[in-house]
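Student: Contents of target-v3.csv (CSV, C-alpha atoms) are below:
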```csv
chain,number,residue,atom,x,y,z
A,4,MET,CA,-4.2,-21.1,6.2
A,5,LEU,CA,-3.1,-18.1,4.1
A,6,PRO,CA,-5.4,-15.1,4.6
A,7,GLU,CA,-5.3,-12.3,2.1
A,8,VAL,CA,-6.4,-8.7,1.4
A,9,GLY,CA,-5.0,-7.2,-1.8
A,10,PHE,CA,-2.1,-8.0,-4.1
A,11,PHE,CA,1.0,-8.1,-1.9
A,12,GLU,CA,-0.2,-11.4,-0.5
A,13,LEU,CA,-1.2,-12.6,-3.9
A,14,ILE,CA,2.4,-12.3,-5.1
A,15,VAL,CA,3.4,-14.1,-1.9
A,16,ALA,CA,1.0,-16.9,-2.6
A,17,LEU,CA,2.2,-17.3,-6.2
A,18,ASN,CA,5.6,-18.1,-4.7
A,19,LEU,CA,4.0,-20.7,-2.5
A,20,MET,CA,2.3,-22.8,-5.2
A,21,PRO,CA,1.9,-26.4,-4.0
A,22,GLU,CA,3.5,-28.0,-7.0
A,23,PHE,CA,6.7,-26.1,-6.2
A,24,TYR,CA,6.9,-26.3,-2.4
A,25,ALA,CA,4.9,-29.3,-1.3
A,26,ASP,CA,7.7,-30.2,1.0
A,27,VAL,CA,6.8,-27.4,3.5
A,28,TRP,CA,3.3,-28.6,4.3
A,29,ASP,CA,0.9,-31.5,4.2
A,30,ILE,CA,-2.4,-29.6,4.0
A,31,LEU,CA,-2.8,-26.1,2.8
A,32,ASP,CA,-6.0,-24.0,3.1
A,33,ILE,CA,-6.7,-20.4,2.1
A,34,ALA,CA,-8.8,-17.9,4.0
A,35,THR,CA,-9.6,-14.7,2.1
A,36,ASN,CA,-12.2,-11.9,1.7
A,37,PRO,CA,-15.7,-12.7,0.5
A,38,ASP,CA,-16.9,-11.5,-3.0
A,39,GLU,CA,-18.1,-7.9,-2.9
A,40,ARG,CA,-20.4,-5.8,-5.1
A,41,THR,CA,-18.6,-2.6,-6.3
A,42,GLY,CA,-19.3,0.2,-8.7
A,43,ARG,CA,-22.5,2.1,-9.2
A,44,ARG,CA,-25.5,0.2,-7.8
A,45,GLY,CA,-23.2,-2.8,-7.1
A,46,CYS,CA,-23.1,-3.8,-10.8
A,47,ASN,CA,-19.6,-5.3,-10.6
A,48,LEU,CA,-18.5,-8.3,-8.6
A,49,SER,CA,-15.1,-8.0,-7.0
A,50,VAL,CA,-13.6,-11.5,-6.4
A,51,SER,CA,-10.5,-12.0,-4.3
A,52,PRO,CA,-7.5,-12.7,-6.5
A,53,LEU,CA,-6.2,-15.2,-3.9
A,54,LYS,CA,-9.6,-17.0,-4.1
A,55,LEU,CA,-9.2,-17.4,-7.9
A,56,LEU,CA,-5.6,-18.6,-7.5
A,57,GLY,CA,-6.6,-21.2,-4.8
A,58,GLU,CA,-9.5,-22.5,-7.0
A,59,SER,CA,-7.2,-22.8,-10.0
A,60,LEU,CA,-4.8,-24.9,-7.9
A,61,LYS,CA,-7.6,-26.9,-6.3
A,62,VAL,CA,-6.6,-25.6,-2.9
A,63,PRO,CA,-9.5,-25.3,-0.4
A,64,VAL,CA,-10.7,-21.7,-0.1
A,65,HIS,CA,-12.7,-20.3,2.8
A,66,THR,CA,-14.1,-16.8,2.9
A,67,ILE,CA,-14.1,-14.8,6.1
A,68,PRO,CA,-17.1,-12.7,7.2
A,69,HIS,CA,-17.7,-9.2,5.8
A,70,THR,CA,-17.5,-7.4,9.1
A,71,LYS,CA,-14.8,-7.3,11.9
A,72,PRO,CA,-17.3,-8.1,14.7
A,73,GLU,CA,-18.4,-11.2,12.7
A,74,PHE,CA,-14.8,-12.2,12.1
A,75,ARG,CA,-14.0,-12.2,15.8
A,76,THR,CA,-16.4,-15.1,16.3
A,77,TRP,CA,-15.8,-16.9,13.0
A,78,ASN,CA,-15.2,-20.6,13.4
A,79,LEU,CA,-12.0,-21.8,11.7
A,80,PRO,CA,-12.5,-24.5,9.1
A,81,GLU,CA,-11.5,-28.1,9.7
A,82,PRO,CA,-8.9,-29.4,10.5
A,83,PHE,CA,-7.9,-26.1,12.2
A,84,SER,CA,-10.9,-25.8,14.5
A,85,VAL,CA,-10.0,-28.2,17.4
A,86,THR,CA,-10.9,-28.8,21.0
A,87,GLY,CA,-8.0,-29.0,23.4
A,88,GLU,CA,-4.4,-28.7,22.5
A,89,PRO,CA,-3.9,-28.0,18.8
A,90,PRO,CA,-1.5,-30.3,16.8
A,91,GLN,CA,2.1,-29.0,16.9
A,92,ASN,CA,2.3,-28.9,13.1
A,93,HIS,CA,-0.6,-26.5,12.6
A,94,ILE,CA,0.5,-23.0,11.5
A,95,VAL,CA,-1.2,-19.8,10.4
A,96,VAL,CA,0.4,-17.4,8.0
A,97,THR,CA,-1.0,-13.9,7.3
A,98,ALA,CA,0.2,-11.3,4.7
A,99,SER,CA,-1.4,-7.8,4.7
A,100,PHE,CA,-4.6,-9.4,6.1
A,101,GLY,CA,-6.2,-6.2,7.3
A,102,ARG,CA,-7.8,-7.9,10.3
A,103,ILE,CA,-6.5,-8.6,13.8
A,104,LEU,CA,-6.8,-12.3,14.7
A,105,PRO,CA,-8.5,-12.7,18.1
A,106,SER,CA,-6.7,-14.5,20.8
A,107,SER,CA,-9.2,-17.4,20.6
A,108,MET,CA,-8.1,-17.9,16.9
A,109,LEU,CA,-4.4,-17.6,17.6
A,110,GLU,CA,-4.6,-20.2,20.3
A,111,MET,CA,-5.6,-22.7,17.6
A,112,PHE,CA,-2.1,-22.5,16.2
A,113,PRO,CA,1.2,-23.3,18.0
A,114,ARG,CA,3.1,-21.3,15.3
A,115,ARG,CA,1.7,-18.0,13.9
A,116,LEU,CA,3.6,-16.2,11.3
A,117,ASN,CA,3.1,-12.8,9.7
A,118,LEU,CA,4.8,-11.3,6.7
A,119,HIS,CA,5.4,-7.6,7.0
A,120,PRO,CA,6.9,-5.5,4.1
A,121,SER,CA,9.5,-3.6,6.0
A,122,LEU,CA,12.7,-4.2,8.0
A,123,LEU,CA,11.2,-4.3,11.4
A,124,PRO,CA,11.1,-2.5,13.8
A,125,ALA,CA,11.1,0.2,11.2
A,126,TYR,CA,7.7,0.9,9.7
A,127,ARG,CA,5.4,-1.1,11.9
A,128,GLY,CA,1.9,-0.3,10.9
A,129,PRO,CA,-0.5,-0.5,8.0
A,130,ALA,CA,1.3,1.4,5.2
A,131,PRO,CA,5.0,0.4,5.4
A,132,ILE,CA,5.7,0.5,1.6
A,133,GLN,CA,4.1,3.9,1.1
A,134,ARG,CA,5.8,5.5,4.1
A,135,ALA,CA,9.2,4.2,3.1
A,136,ILE,CA,8.9,5.8,-0.3
A,137,LEU,CA,7.5,9.0,1.2
A,138,ASN,CA,10.5,9.2,3.5
A,139,ALA,CA,13.0,8.8,0.6
A,140,GLU,CA,14.4,5.5,2.1
A,141,LYS,CA,17.0,3.8,-0.1
A,142,GLU,CA,16.2,0.4,1.2
A,143,THR,CA,13.3,-1.6,2.6
A,144,GLY,CA,12.6,-5.3,2.9
A,145,VAL,CA,10.4,-8.1,4.3
A,146,SER,CA,10.3,-9.6,7.7
A,147,VAL,CA,8.7,-12.9,8.8
A,148,ILE,CA,7.7,-12.5,12.4
A,149,GLU,CA,5.8,-14.3,15.1
A,150,MET,CA,2.2,-13.0,15.4
A,151,LEU,CA,1.4,-11.8,18.9
A,152,LYS,CA,-1.9,-11.3,20.6
A,153,LEU,CA,-3.2,-7.7,20.4
A,154,LYS,CA,-2.3,-6.9,24.0
A,155,ASP,CA,1.3,-7.8,23.3
A,156,GLY,CA,1.7,-5.5,20.3
A,157,ILE,CA,1.2,-5.3,16.6
A,158,ASP,CA,4.1,-6.1,14.2
A,159,ALA,CA,6.2,-6.5,17.3
A,160,GLY,CA,6.9,-10.3,17.4
A,161,GLN,CA,10.1,-12.2,17.2
A,162,ILE,CA,11.8,-12.2,13.8
A,163,TRP,CA,12.3,-15.5,12.0
A,164,GLY,CA,13.8,-14.1,8.9
A,165,THR,CA,14.4,-10.9,6.8
A,166,SER,CA,15.3,-10.0,3.3
A,167,ARG,CA,16.5,-6.6,2.2
A,168,VAL,CA,15.3,-4.9,-1.0
A,169,PRO,CA,16.6,-1.6,-2.5
A,170,ILE,CA,14.2,1.2,-3.4
A,171,HIS,CA,15.6,2.6,-6.6
A,172,GLU,CA,15.1,6.1,-7.8
A,173,GLY,CA,11.7,6.5,-9.4
A,174,ALA,CA,10.2,3.4,-7.8
A,175,MET,CA,6.4,3.4,-7.7
A,176,PHE,CA,4.3,1.7,-5.0
A,177,PRO,CA,2.9,-1.1,-7.3
A,178,GLU,CA,6.4,-2.0,-8.4
A,179,MET,CA,7.7,-2.2,-4.8
A,180,ARG,CA,4.6,-4.1,-3.7
A,181,ASP,CA,5.1,-6.8,-6.3
A,182,THR,CA,8.9,-7.0,-5.7
A,183,LEU,CA,8.4,-7.3,-2.0
A,184,GLY,CA,5.7,-9.9,-2.5
A,185,TYR,CA,8.0,-12.0,-4.6
A,186,VAL,CA,10.8,-11.7,-2.0
A,187,ALA,CA,8.4,-12.5,0.8
A,188,GLY,CA,7.2,-15.7,-0.8
A,189,ARG,CA,10.7,-17.0,-1.2
A,190,LEU,CA,11.7,-16.0,2.3
A,191,LEU,CA,8.6,-17.6,3.8
A,192,VAL,CA,9.4,-20.9,2.1
A,193,SER,CA,12.9,-20.8,3.5
A,194,VAL,CA,11.6,-20.1,7.0
A,195,LEU,CA,9.0,-22.9,6.8
A,196,ARG,CA,11.6,-25.4,5.7
A,197,ASP,CA,13.9,-24.4,8.6
A,198,LEU,CA,11.0,-24.8,11.0
A,199,ARG,CA,10.2,-28.3,9.7
A,200,SER,CA,13.9,-29.3,9.9
A,201,GLY,CA,14.3,-27.8,13.4
A,202,LYS,CA,17.0,-25.3,12.2
A,203,ALA,CA,14.9,-22.1,12.4
A,204,GLN,CA,15.9,-19.6,15.0
A,205,SER,CA,14.1,-16.4,15.9
A,206,HIS,CA,15.4,-13.2,17.7
A,207,PRO,CA,13.7,-10.2,19.3
A,208,GLN,CA,13.2,-7.1,17.3
A,209,ALA,CA,15.7,-4.3,18.0
A,210,ALA,CA,14.6,-1.5,20.4
A,211,LEU,CA,12.0,0.6,18.7
A,212,GLY,CA,13.8,3.9,19.5
A,213,SER,CA,13.2,6.4,16.8
A,214,ALA,CA,12.1,3.9,14.2
A,215,PRO,CA,9.5,5.5,11.9
A,216,PHE,CA,5.9,4.3,12.1
A,217,ALA,CA,3.8,3.4,9.0
A,218,SER,CA,0.5,5.1,9.8
A,219,ASN,CA,-2.4,4.7,7.4
A,220,ILE,CA,-2.6,6.9,4.3
A,221,VAL,CA,-5.3,9.6,4.8
A,222,ALA,CA,-6.7,12.5,2.9
A,223,ALA,CA,-4.1,14.9,4.3
A,224,ASP,CA,-1.3,12.9,2.8
A,225,SER,CA,-2.6,13.8,-0.7
A,226,CYS,CA,-2.6,17.6,-0.1
A,227,VAL,CA,0.2,19.5,-1.8
A,228,ASN,CA,1.6,22.6,-0.2
A,229,PHE,CA,3.9,24.2,-2.8
A,230,SER,CA,5.4,26.6,-0.2
A,231,THR,CA,6.8,23.8,1.9
A,232,MET,CA,7.2,20.9,-0.6
A,233,SER,CA,9.9,20.7,-3.3
A,234,ALA,CA,9.0,19.3,-6.7
A,235,GLU,CA,11.0,16.2,-5.9
A,236,SER,CA,9.1,15.6,-2.7
A,237,ILE,CA,5.8,16.1,-4.4
A,238,VAL,CA,6.7,13.5,-7.1
A,239,ARG,CA,7.9,11.1,-4.4
A,240,ARG,CA,4.5,11.5,-2.7
A,241,HIS,CA,2.8,10.7,-6.1
A,242,ARG,CA,5.0,7.6,-6.4
A,243,ALA,CA,4.0,6.5,-2.9
A,244,ILE,CA,0.2,7.0,-2.8
A,245,ALA,CA,-1.2,7.7,-6.3
A,246,HIS,CA,-2.6,4.1,-6.4
A,247,GLN,CA,-4.8,5.1,-3.4
A,248,ARG,CA,-5.2,8.9,-3.7
A,249,ALA,CA,-4.4,11.4,-6.4
A,250,LEU,CA,-2.4,14.4,-5.2
A,251,ILE,CA,-4.6,17.5,-4.9
A,252,THR,CA,-4.2,21.2,-4.7
A,253,CYS,CA,-6.8,24.0,-4.7
A,254,LEU,CA,-7.9,27.0,-6.7
A,255,SER,CA,-8.8,30.4,-5.3
A,256,THR,CA,-12.4,29.3,-6.0
A,257,GLU,CA,-11.9,26.6,-3.4
A,258,LYS,CA,-12.3,23.9,-6.1
A,259,THR,CA,-9.8,21.1,-5.7
A,260,VAL,CA,-7.6,20.0,-8.5
A,261,GLN,CA,-6.0,16.5,-8.9
A,262,LEU,CA,-2.4,16.5,-10.2
A,263,HIS,CA,-1.7,13.4,-12.4
A,264,SER,CA,1.7,12.0,-13.5
A,265,PRO,CA,3.7,14.9,-12.2
A,266,TYR,CA,7.5,15.1,-12.8
A,267,VAL,CA,10.3,17.4,-11.8
A,268,LEU,CA,11.2,20.0,-14.5
A,269,ASN,CA,14.6,21.6,-14.8
A,270,ALA,CA,14.1,25.0,-13.1
A,271,SER,CA,16.8,26.9,-14.9
A,272,ASP,CA,15.5,29.7,-17.2
A,273,VAL,CA,11.8,28.8,-16.5
A,274,PRO,CA,9.7,32.0,-17.1
A,275,LEU,CA,7.7,31.7,-13.9
A,276,SER,CA,7.3,33.8,-10.7
A,277,ASP,CA,9.4,32.7,-7.8
A,278,VAL,CA,6.3,32.6,-5.5
A,279,PRO,CA,5.5,29.0,-4.6
A,280,GLY,CA,2.1,28.0,-5.9
A,281,THR,CA,2.3,30.1,-9.0
A,282,ALA,CA,1.5,28.2,-12.2
A,283,THR,CA,1.6,28.7,-16.0
A,284,PHE,CA,1.2,26.7,-19.1
A,285,GLN,CA,4.4,25.7,-20.9
A,286,LYS,CA,3.9,25.1,-24.6
A,287,SER,CA,7.2,23.2,-25.1
A,288,THR,CA,6.1,20.4,-22.7
A,289,ARG,CA,2.3,20.9,-23.1
A,290,THR,CA,2.1,20.9,-19.3
A,291,VAL,CA,1.1,23.1,-16.4
A,292,ILE,CA,4.2,24.0,-14.5
A,293,VAL,CA,4.2,25.1,-10.8
A,294,ARG,CA,6.8,26.9,-8.7
A,295,CYS,CA,7.5,24.8,-5.6
A,296,ALA,CA,9.7,25.2,-2.4
A,297,ASP,CA,13.4,25.7,-2.9
A,298,GLY,CA,12.8,27.3,-6.3
A,299,SER,CA,12.1,23.9,-7.9
A,300,VAL,CA,9.4,23.4,-10.6
A,301,LEU,CA,6.8,20.7,-11.0
A,302,SER,CA,5.4,19.7,-14.4
A,303,VAL,CA,1.9,18.3,-14.6
A,304,PRO,CA,0.7,16.8,-17.9
A,305,MET,CA,-2.8,15.7,-16.7
A,306,ILE,CA,-5.3,17.4,-14.4
A,307,ARG,CA,-8.7,16.6,-13.0
A,308,GLN,CA,-10.6,19.5,-11.5
A,309,GLN,CA,-13.3,18.8,-8.9
A,310,ASP,CA,-16.6,17.7,-10.6
A,311,LYS,CA,-14.8,17.4,-14.0
A,312,ALA,CA,-13.2,14.6,-16.1
A,313,LEU,CA,-9.5,14.0,-16.3
A,314,MET,CA,-8.0,16.0,-19.1
A,315,GLU,CA,-4.7,17.1,-20.7
A,316,SER,CA,-3.2,20.2,-19.0
A,317,LYS,CA,-3.6,22.3,-22.1
A,318,ASP,CA,-7.4,21.8,-22.2
A,319,TRP,CA,-7.7,22.4,-18.4
A,320,TRP,CA,-5.6,25.6,-18.7
A,321,ASN,CA,-7.8,26.9,-21.5
A,322,GLY,CA,-10.8,26.3,-19.3
A,323,ALA,CA,-9.2,28.1,-16.4
A,324,LYS,CA,-8.5,31.1,-18.6
A,325,SER,CA,-12.1,31.2,-19.7
A,326,LEU,CA,-13.2,31.4,-16.1
A,327,GLY,CA,-10.9,34.3,-15.4
A,328,LEU,CA,-8.5,32.4,-13.1
A,329,VAL,CA,-5.4,33.2,-15.2
A,330,LYS,CA,-4.0,36.7,-14.8
A,331,ASN,CA,-1.0,37.9,-17.0
A,332,GLY,CA,-0.4,34.3,-18.0
A,333,GLU,CA,-0.2,32.9,-14.5
A,334,LEU,CA,-2.5,31.3,-11.9
A,335,THR,CA,-2.0,30.8,-8.2
A,336,PHE,CA,-2.9,27.7,-6.3
A,337,LEU,CA,-3.7,27.8,-2.6
A,338,ASN,CA,-1.1,26.3,-0.2
A,339,GLU,CA,-3.4,25.9,2.8
A,340,PHE,CA,-6.7,24.2,2.1
A,341,GLY,CA,-7.0,21.3,4.5
A,342,HIS,CA,-10.1,22.8,6.1
A,343,LEU,CA,-11.9,22.2,2.8
A,344,LEU,CA,-11.5,18.4,3.1
A,345,ARG,CA,-13.2,18.1,6.5
```
Translate the structure of the given file into structure tokens.

Tutor:
Amino acid sequence: MLPEVGFFELIVALNLMPEFYADVWDILDIATNPDERTGRRGCNLSVSPLKLLGESLKVPVHTIPHTKPEFRTWNLPEPFSVTGEPPQNHIVVTASFGRILPSSMLEMFPRRLNLHPSLLPAYRGPAPIQRAILNAEKETGVSVIEMLKLKDGIDAGQIWGTSRVPIHEGAMFPEMRDTLGYVAGRLLVSVLRDLRSGKAQSHPQAALGSAPFASNIVAADSCVNFSTMSAESIVRRHRAIAHQRALITCLSTEKTVQLHSPYVLNASDVPLSDVPGTATFQKSTRTVIVRCADGSVLSVPMIRQQDKALMESKDWWNGAKSLGLVKNGELTFLNEFGHLLR
């Protein structure tokens, strides 16, 4: 069974297509999220990409319950729901599943593998790709690990295999997700082949020590503080989380402002106050530029103000001037506004 929740696992699944790797299993089933209504008034139907892939390959697809309490008592499909000792060749594989498998379910499988997009024990947790980019890591990777019961730890099992992947300068989350998904699929096939042949060997994870944890991305992660963050670190934050949350700052009116597609501008000879958070419109780049920590400068080509549509920076700047927010050609963003998000 190959559960799923998003696109990392879809890329994994694409590299497990039965016509390519039928030697690593006899029967393959997919378990994935149910269809969901999205958009205004539920007018759109969101279908799991893994479900569509499984149906196109004529692989049995099973949908899990909508809620976590229902999932805890969900009965596995045949032939994985058994009484007594499960067959030794039964295996469950998860990739970014988003649900904790209860002990009763894990006990149905002698071997339980999880694919985690980091080099464990670094970045255990739900957002390893985002946190690696945020922390300016030069390298990440994929680990195939033994899935443990909740009481024994999350992302803490024995390691069956790892693959290293560089994080190049300018890498965005979607790009890293897809690259890691591809690498994970190939690595999983190698591990499964070694398990079938009896050559696979696992080893414990290194001591946790000071290894960074990959906590979930929350609203506070999207808040920009120009007095403590350099332009480079702000752009890195955008690369890590923009697919989930747009970066935001705040006006003196306490209206939030989203910063879209920001980039670092050469700070030399920029006619702008040295006070972090000070902004002006630069005609040559047609962007709003903002002074950041360490004297660096951020350039923002697209802006979306609270309750407004996304627009080019020039149009937003003209609107700000009409509201009297621009004084002597400059505007100041707030650096502390987290209380407004509560």

Student: If we count only C-alpha atoms, what is near range 261-269 of chain A at a cut-off of 8 Å, once residues fewer than 3 positions away on the same chain are taken out, given as a ChimeraX atom specification?

Tutor: /A:234-235,238,241,249-252,273,299-309

Student: Generate the output file for the selected residues, C-alpha atoms, as a PDB file, in the frame of the given file.

Tutor:
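File produced: selection15.pdb:
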```pdb
ATOM      1  CA  ALA A 234       9.000  19.300  -6.700  1.00  0.00           C
ATOM      2  CA  GLU A 235      11.000  16.200  -5.900  1.00  0.00           C
ATOM      3  CA  VAL A 238       6.700  13.500  -7.100  1.00  0.00           C
ATOM      4  CA  HIS A 241       2.800  10.700  -6.100  1.00  0.00           C
ATOM      5  CA  ALA A 249      -4.400  11.400  -6.400  1.00  0.00           C
ATOM      6  CA  LEU A 250      -2.400  14.400  -5.200  1.00  0.00           C
ATOM      7  CA  ILE A 251      -4.600  17.500  -4.900  1.00  0.00           C
ATOM      8  CA  THR A 252      -4.200  21.200  -4.700  1.00  0.00           C
ATOM      9  CA  VAL A 273      11.800  28.800 -16.500  1.00  0.00           C
ATOM     10  CA  SER A 299      12.100  23.900  -7.900  1.00  0.00           C
ATOM     11  CA  VAL A 300       9.400  23.400 -10.600  1.00  0.00           C
ATOM     12  CA  LEU A 301       6.800  20.700 -11.000  1.00  0.00           C
ATOM     13  CA  SER A 302       5.400  19.700 -14.400  1.00  0.00           C
ATOM     14  CA  VAL A 303       1.900  18.300 -14.600  1.00  0.00           C
ATOM     15  CA  PRO A 304       0.700  16.800 -17.900  1.00  0.00           C
ATOM     16  CA  MET A 305      -2.800  15.700 -16.700  1.00  0.00           C
ATOM     17  CA  ILE A 306      -5.300  17.400 -14.400  1.00  0.00           C
ATOM     18  CA  ARG A 307      -8.700  16.600 -13.000  1.00  0.00           C
ATOM     19  CA  GLN A 308     -10.600  19.500 -11.500  1.00  0.00           C
ATOM     20  CA  GLN A 309     -13.300  18.800  -8.900  1.00  0.00           C
TER      21      GLN A 309
END
```

Student: One number please: CA of Phe83 in chain A to CA of Gln204 in chain A, in Å, one decimal.

Tutor: 24.8 Å

Student: Select, from A:Leu275, A:Leu328, A:Leu60, A:Val27, the residue with the minimum atom-to-atom distance to Ser200 in chain A, counting all atoms listed in the file.

Tutor: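 Closest candidate: A:Val27.
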
Student: Distance CA of Ser146 in chain A-CA of Gly57 in chain A, one decimal place?

Tutor: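 Interatomic distance here is 24.0 Å.
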
Student: Taking into account all atoms listed in the file, which residue in the set A:Leu334, A:Leu191, A:Ala135, A:Leu211 is nearest to Ala282 in chain A?

Tutor: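 Nearest candidate to Ala282 in chain A out of A:Leu334, A:Leu191, A:Ala135, A:Leu211: A:Leu334.
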
Student: Output, as JSON, the centre and edge lengths in Å (one decimal) of the axis-aligned box that contains all listed atoms of range 183-194 of chain A with 6 Å of margin on each side.

Tutor:
```
{"center_x": 9.3, "center_y": -14.1, "center_z": 1.2, "size_x": 19.2, "size_y": 25.6, "size_z": 23.6}
```

Student: Using only C-alpha atoms, which of the listed residues (A:Thr288, A:Leu56, A:His93, A:Asn331) sits closest to Glu315 in chain A?

Tutor: A:Thr288

Student: What does the distance from CA of Ile157 in chain A to CA of Pro63 in chain A come to in Å, to one decimal?

Tutor: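 Atom-to-atom, CA of Ile157 in chain A and CA of Pro63 in chain A are spaced 28.3 Å apart.
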
Student: Taking all atoms listed in the file into account, name the residue in A:Thr335, A:Asn138, A:Thr143, A:Ser316 that is nearest to Phe229 in chain A.

Tutor: A:Thr335

Student: With only C-alpha atoms as the basis for distance, which of A:Ala296, A:Leu123, A:Ala214, A:Val96 is at the shortest distance from Val194 in chain A?

Tutor: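 Selected residue with least distance to Val194 in chain A: A:Val96.
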
Student: With only C-alpha atoms as the basis for distance, which of A:Asn117, A:Gln133, A:Thr70, A:Asn36 is at the shortest distance from Ser218 in chain A?

Tutor: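 Looking only at the distances to Ser218 in chain A, the closest residue turns out to be A:Gln133.
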
Student: Select, counting all atoms listed in the file, all protein, DNA and RNA residues no farther than 8 Å from (18.5, 0.2, -2.1) in file coordinates, and express the selection as a ChimeraX atom specification.

Tutor: /A:140-143,168-171

Student: If we count all atoms listed in the file and set the cut-off at 7 Å, which residues sit around Thr281 in chain A, ignoring sequence neighbours fewer than 5 positions away in its own chain? Please answer as a PyMOL selection string.

Tutor: chain A and resi 276+293-294+333-336

Student: Need the shell around Leu326 in chain A: protein/DNA/RNA residues with any atom at most 12 Å away, counting only C-alpha atoms. Skip same-chain ones fewer than 4 positions apart. Format as a list in words?

Tutor: Leu254, Ser255, Thr256, Trp319, Trp320, Asn321, Gly322, Lys330 and Leu334 of chain A

Student: Within 10 Å of Val227 in chain A, counting all atoms listed in the file, which residues qualify if same-chain residues fewer than 4 places away don't, as a PyMOL selection string?

Tutor: chain A and resi 223+231-233+236-237+240+250-253+261-262+280+295+336-341

Student: Do a neighbour search on Pro207 in chain A at 10 Å with only C-alpha atoms, toss out local chain neighbours closer than 5 positions, and write the hits as JSON, numbers by chain.

Tutor: {"A": [124, 148, 149, 159, 160, 161, 162, 163]}

Student: Writing N, CA, C and O atoms and nothing else, produce range 110-121 of chain A as a PDB file, in the first residue's frame.

Tutor:
```
ATOM      1  N   GLU A 110       0.748  -3.228  12.968  1.00  0.00           N
ATOM      2  CA  GLU A 110       0.949  -4.647  13.294  1.00  0.00           C
ATOM      3  C   GLU A 110       0.496  -5.584  12.183  1.00  0.00           C
ATOM      4  O   GLU A 110       0.785  -6.780  12.224  1.00  0.00           O
ATOM      5  N   MET A 111      -0.205  -5.050  11.202  1.00  0.00           N
ATOM      6  CA  MET A 111      -0.609  -5.851  10.045  1.00  0.00           C
ATOM      7  C   MET A 111       0.532  -6.048   9.047  1.00  0.00           C
ATOM      8  O   MET A 111       0.402  -6.803   8.090  1.00  0.00           O
ATOM      9  N   PHE A 112       1.668  -5.354   9.300  1.00  0.00           N
ATOM     10  CA  PHE A 112       2.773  -5.403   8.341  1.00  0.00           C
ATOM     11  C   PHE A 112       4.081  -5.722   9.055  1.00  0.00           C
ATOM     12  O   PHE A 112       4.522  -4.971   9.934  1.00  0.00           O
ATOM     13  N   PRO A 113       4.739  -6.820   8.678  1.00  0.00           N
ATOM     14  CA  PRO A 113       6.045  -7.131   9.260  1.00  0.00           C
ATOM     15  C   PRO A 113       7.092  -6.072   8.931  1.00  0.00           C
ATOM     16  O   PRO A 113       8.010  -5.835   9.707  1.00  0.00           O
ATOM     17  N   ARG A 114       6.963  -5.431   7.759  1.00  0.00           N
ATOM     18  CA  ARG A 114       7.911  -4.384   7.363  1.00  0.00           C
ATOM     19  C   ARG A 114       7.137  -3.112   7.073  1.00  0.00           C
ATOM     20  O   ARG A 114       6.166  -3.102   6.334  1.00  0.00           O
ATOM     21  N   ARG A 115       7.587  -1.998   7.683  1.00  0.00           N
ATOM     22  CA  ARG A 115       6.883  -0.713   7.524  1.00  0.00           C
ATOM     23  C   ARG A 115       7.919   0.350   7.183  1.00  0.00           C
ATOM     24  O   ARG A 115       8.763   0.708   8.019  1.00  0.00           O
ATOM     25  N   LEU A 116       7.843   0.865   5.985  1.00  0.00           N
ATOM     26  CA  LEU A 116       8.824   1.841   5.519  1.00  0.00           C
ATOM     27  C   LEU A 116       8.200   3.217   5.357  1.00  0.00           C
ATOM     28  O   LEU A 116       7.041   3.353   4.966  1.00  0.00           O
ATOM     29  N   ASN A 117       8.994   4.224   5.661  1.00  0.00           N
ATOM     30  CA  ASN A 117       8.582   5.612   5.454  1.00  0.00           C
ATOM     31  C   ASN A 117       9.680   6.344   4.707  1.00  0.00           C
ATOM     32  O   ASN A 117      10.869   6.159   4.989  1.00  0.00           O
ATOM     33  N   LEU A 118       9.277   7.155   3.734  1.00  0.00           N
ATOM     34  CA  LEU A 118      10.224   7.986   2.998  1.00  0.00           C
ATOM     35  C   LEU A 118      10.162   9.391   3.563  1.00  0.00           C
ATOM     36  O   LEU A 118       9.099  10.012   3.583  1.00  0.00           O
ATOM     37  N   HIS A 119      11.300   9.884   4.015  1.00  0.00           N
ATOM     38  CA  HIS A 119      11.359  11.212   4.628  1.00  0.00           C
ATOM     39  C   HIS A 119      12.356  12.074   3.856  1.00  0.00           C
ATOM     40  O   HIS A 119      13.511  11.674   3.663  1.00  0.00           O
ATOM     41  N   PRO A 120      11.941  13.279   3.412  1.00  0.00           N
ATOM     42  CA  PRO A 120      12.827  14.106   2.580  1.00  0.00           C
ATOM     43  C   PRO A 120      13.835  14.927   3.376  1.00  0.00           C
ATOM     44  O   PRO A 120      13.829  16.159   3.358  1.00  0.00           O
ATOM     45  N   SER A 121      14.704  14.226   4.095  1.00  0.00           N
ATOM     46  CA  SER A 121      15.847  14.865   4.750  1.00  0.00           C
ATOM     47  C   SER A 121      16.871  13.787   5.054  1.00  0.00           C
ATOM     48  O   SER A 121      16.596  12.592   4.922  1.00  0.00           O
TER      49      SER A 121
END
```
